[in-house]
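Structure first, then comments.
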Amino acid sequence: MTKRVFSGMQPTGSVHLGNLIGAFNNWVTMQDEYDAIYCVVDFHAITMPHEPAELRVNRTYLAKAFIAAGVDPERSLIYRQADVPQHAELMWILGADTPFGPLTRMTQFKDKSEKAGERFGLFAYPLLQAADILIHKATAVPVGDDQTQHLELTRDIAQRFNGMYGEVFPVPERITPEIGARVMSLQDPTSKMSKSDPDQNATVMLFEDPDRVMKKFKRAVTDSGTEVRYDWDEKPGISNLIEIFSVFSGASIPEIEAEWGESLYGHFKVAVGEAVVEGLRPLREKFESLDDGEVEGILTSHAARGREMAEDTLGEVRAAIGLA
C-alpha cells in the first residue's frame with residue numbers, strides 16, 4: 001500500500017507562526033517519506049460567514065504560502081478543494097451511513113455554532129474532512145491537538161464503511177510533531193495562537209515586517225519568577241517561547257534551559273525574536289518572488305491530477321455500495 005499523507009488548511013486570512021510550526025514544517029519533512037497531498041480547503045472556508053472577494057484572493061495567497069514554506073510542487077500535490085468536486089460526493093456517501101450522535105458531540109461544532117449559529121456546514125464539517133482524507137486513501141494525517149476528535153471520527157467512518165461494504169479505505173494514522181504541535185498566543189499562553197485574535201501582539205504573521213515581529217516578542221507575556229525553565233503548568237509563557245526557540249534555533253529544550261536558565265526574561269525574549277526573524281526571512285523572500293500566474297498554473301494542473309485520483313477511489317466506492 002502506498003504511504004500517503006493528506007492535510008489541508010482553510011484560506012481564511014494570513015498565515016501565522018503556529019501554522020508554520022504546527023503544520024508547514026511537518027508537511028515539508030513528510031514529503032521525503034510519503035506521497036504527499038496538501039489542499040487549500042475552500043469548501044471548509046464557506047462553513048462560516050465570509051466575504052467572496054476575500055476568499056478568491058486568499059485561495060491563491062494560501063497556496064503561495066505553502067510553497068514559500070517549502071512544500072515542493074515537484075514532489076507534492078497542491079490543489080484547491082473546490083477544484084476536485086469528488087470530495088463533496090464522497091462526503092454525501094459517507095454521511096448516509098454516519099450516525100447523527102457523533103456529529104453533535106464535535107467540540108468545534110459546539111464552539112463555532114455559538115459564534116455563527118447552527119449552520120449545516122458546521123455540522124457536516126467533520127464528514128467533509130473525512131472525505132478529504134479518504135478520497136485519496138491517505139494512510140497518515142498530521143493533526144494538532146484540536147483536530148484529534150475529527151481524525152478519530154474519520155477512522156470510525158472508514159472502519160464502518162469497510163465493515164459494511166468491504167475493504168476500500170485504509171484507516172489513517174495520526175502524526176503529531178513532538179514540539180510545537182500547538183503554538184500558543186504571545187499575550188495569553190493558555191490560548192492557541194490565532195489569526196483572529198483581536199490583540200495584534202498575540203500572533204506573529206509569517207510575512208510581516210521583521211521589526212514588528214521583534215516588537216511582538218519583546219512584549220510577549222512571561223510568568224512569575226525569573227528562571228527560564230520548561231514547565232507548562234508553572235511557566236506557560238516561557239514554555240511557549242522555549243518551544244518556539246527550539247524550532248528556530250535547532251537547540252533542544254534541555255540545551256536551551258542550560259544556556260538561558262539564569263538569564264533575564266527580557267534578554268531571552270530578544271534572543272527568541274531574533275531567531276524567528278532570521279528563520280522567517282527566506283520564507284518572506286520566497287513568497288514575494290512567487291508569481292500569481294505561475295501558482296495558478298500549478299493549482300490547475302495539480303487539480304486535474306487530483307480529480308483523476310479521486311475518481312479512481314469513487315469508482316471503487318460506487319461499486320461497493322451498488323451505485324455502479
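Residues are referred to by chain and number: the chain letter is A, B, ... according to the order shown in the C-alpha cells, the number counts from 1 in that chain, and ligands are numbered separately from 1 in the order shown.
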Spatial neighbours of Leu55 in chain A, max dist 7 Å, only C-alpha atoms, sep filter under 3 positions, as a count of residues only = 6
Range 96-105 of chain A: which residues within 8 Å, counting only C-alpha atoms, same-chain residues fewer than 2 positions away excluded, as a ChimeraX atom specification?
-> /A:92-94,107,109-110,123-124,126,153,157,161
Rows by chain and residue number, range 57-105 of chain A within 9 Å of range 308-322 of chain A, shortest pair, only C-alpha atoms, as CSV:
residue,atom,partner,partner_atom,distance
A:Val84,CA,A:Ala310,CA,7.7
A:Pro85,CA,A:Ala310,CA,8.9
A:Gln86,CA,A:Ala310,CA,6.2
A:His87,CA,A:Ala310,CA,7.7
A:Glu89,CA,A:Leu314,CA,8.4
A:Leu90,CA,A:Leu314,CA,7.1
A:Ile93,CA,A:Val317,CA,8.6
Just-selected residues, C-alpha atoms written as an mmCIF file, in the first residue's frame:
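Here's the written file out.cif:
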data_model
loop_
_atom_site.group_PDB
_atom_site.id
_atom_site.type_symbol
_atom_site.label_atom_id
_atom_site.label_comp_id
_atom_site.auth_asym_id
_atom_site.auth_seq_id
_atom_site.Cartn_x
_atom_site.Cartn_y
_atom_site.Cartn_z
ATOM 1 C CA VAL A 84 -11.885 18.474 -7.054
ATOM 2 C CA PRO A 85 -15.660 18.078 -6.537
ATOM 3 C CA GLN A 86 -15.304 14.387 -5.735
ATOM 4 C CA HIS A 87 -14.597 15.493 -2.157
ATOM 5 C CA GLU A 89 -19.664 13.484 -3.481
ATOM 6 C CA LEU A 90 -17.796 11.207 -1.107
ATOM 7 C CA ILE A 93 -21.937 8.900 0.535
#
Using only C-alpha atoms, pick whichever of A:Glu288, A:Glu173, A:Glu152, A:Asp223 has the shortest atom-to-atom distance to Leu186 in chain A.
->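 Looking only at the distances to Leu186 in chain A, the closest residue turns out to be A:Asp223.
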Within 6 Å of Ala138 in chain A, counting only C-alpha atoms, which residues qualify if same-chain residues fewer than 5 places away don't, as a ChimeraX atom specification?
-> /A:4-6,133
Given only C-alpha atoms as the counted atoms, nearest of A:Lys3, A:Lys235, A:Lys269, A:Lys192 to Glu33 in chain A | A:Lys3
